[in-house]
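Everything on this sheet refers to the single structure shown next.
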Amino acid sequence: MVEDCCCDYETVDSINEEVLHPILQELVTLPFFRYFKVKLWCDCPFWPDDGMCRLRDCSVCECPESEFPEPFKKPYNGLSPDNMICQEGKPQATVDRTLDTKVFKGWVETDNPWTYDDETDNAEMTYVNLQLNPERYTGYTGDSARRIWDSVYKENCPKYPSEELCQEKKALYKLISGLHSSISVHIAYDYLLDESANLWGHNLPLLYDRVLKYPERVQNLYFTYLFVLRAVTKAADYLEQAEYNTGNPEEDLKTQSLVKQLLYNPKLRSACPLPFDEAKLWQGENGPELKLEIQKQFRNISAIMDCVGCEKCRLWGKLQVLGLGTALKILFSVNGDNHLNQPLQLQRNEVIALVNLLNRLSESVNFVHEKGPSIEEVIKQQSSPTVKPVFLS
């Protein structure tokens, strides 16, 4: 079994390869999930900026305004000005008076409590076509890159010795470690093997050195994948009813169909009905205080993304941290599946980040399963030089 989850490795590999990976691969190429709104130029709140990476592969190609979907440019038309005044400008304070079963009320412009960026600040945002800016090797290494991960782990997500940390803090560590593993897998998957010939391909020694020789990193990759998958399935009603409108009816219908296939696939529902059980967290008397503490830690982690010195790394760091923050919001900012203490409301950008993150994790799980021996062997074996050639062939 994947530690702290409700599925075994063999089932995860099988369901991912047969069902989820093909759906997600197609979904992220469609217009709705292709364009991500991001604040690329931000001052680092923790230390003086080193300046952006000057390598060619670090730069991000931004969308001209004519490219991204017209509906994305329209402001949110939710609460009336009078209603907003009545609620002191806080849409989350409004009582939902509807009695119907429609979960999705329209895309909202509310800030995510788990992330640092003000997602409602459209003035500083720019749209990026993710298909033109793949997550891959950029040449961003050395002290600057190391300082990012050191800050994430040391200040906000300390390595847990034995059982000293509570389950919730352990989960945060595993989520970040799993995300880190996934990013490393993508660098190894699409690596500049020969700069003079502009030759790109798989760097299998790097995949081994960064991820596969550490069983814990592989475990945490699977944990993060199942955690995010659980968030997506928990929000199934909302995501099914959401409006995937880009002004292209044919593509939008395709998007809606693929989303339903992702949410309600019978193979997934029978093999792994509950990928992760969030109900076991925050159970003690200190649960509410602990949640606020971990929420603050995750906000700090998201703020560190403004200190990434490579533009493309910053883009994918922000997207994936927002995706993880959205998963946390779905699982821990509302109570229960059907009787919500607080109705789930998501921004369009949060859903785009969540689905792209799930696709990134799905790709990583697929590549690790493909290139390594069976995952059970990776978990059981101790690191040794004699194992290494297995991953290089």
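In the structure tokens, each chain is lettered A, B, ... as it comes, each chain's residues begin at 1, and ligands are numbered from 1 in order of appearance.
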Using only C-alpha atoms, what does the table of stretch 295-325 of chain A residues within 8 Å of stretch 19-42 of chain A look like, with each row giving the shortest atom pair and its distance in Å to one decimal, sorted by chain and ascending number, as JSON lines?
{"residue": "A:Asp306", "atom": "CA", "partner": "A:Cys42", "partner_atom": "CA", "distance": 5.8}
{"residue": "A:Glu311", "atom": "CA", "partner": "A:Leu40", "partner_atom": "CA", "distance": 7.0}
{"residue": "A:Arg314", "atom": "CA", "partner": "A:Leu40", "partner_atom": "CA", "distance": 7.1}
{"residue": "A:Leu315", "atom": "CA", "partner": "A:Leu40", "partner_atom": "CA", "distance": 6.7}
{"residue": "A:Lys318", "atom": "CA", "partner": "A:Val38", "partner_atom": "CA", "distance": 7.7}
{"residue": "A:Leu319", "atom": "CA", "partner": "A:Val38", "partner_atom": "CA", "distance": 7.9}
Can you tell me, as a list in words, what residues are no more than 6 Å from stretch 343-347 of chain A when counting only C-alpha atoms, ignoring any on the same chain fewer than 3 positions away? Trp107, Val108, Glu109, Leu340 and Glu350 of chain A
Using atom CA of A:Ala236 and atom CA of A:Ile330 as the two end points, give the distance in Å to one decimal. 10.7 Å
For atom CA of A:Leu328 and atom CA of A:Lys234, quote the distance in Å rounded to one decimal. 11.4 Å
Shortest contact to A:Ile15, candidates A:Leu229, A:Pro113, A:His186, A:Trp200, atoms counted only C-alpha atoms, goes to A:Leu229
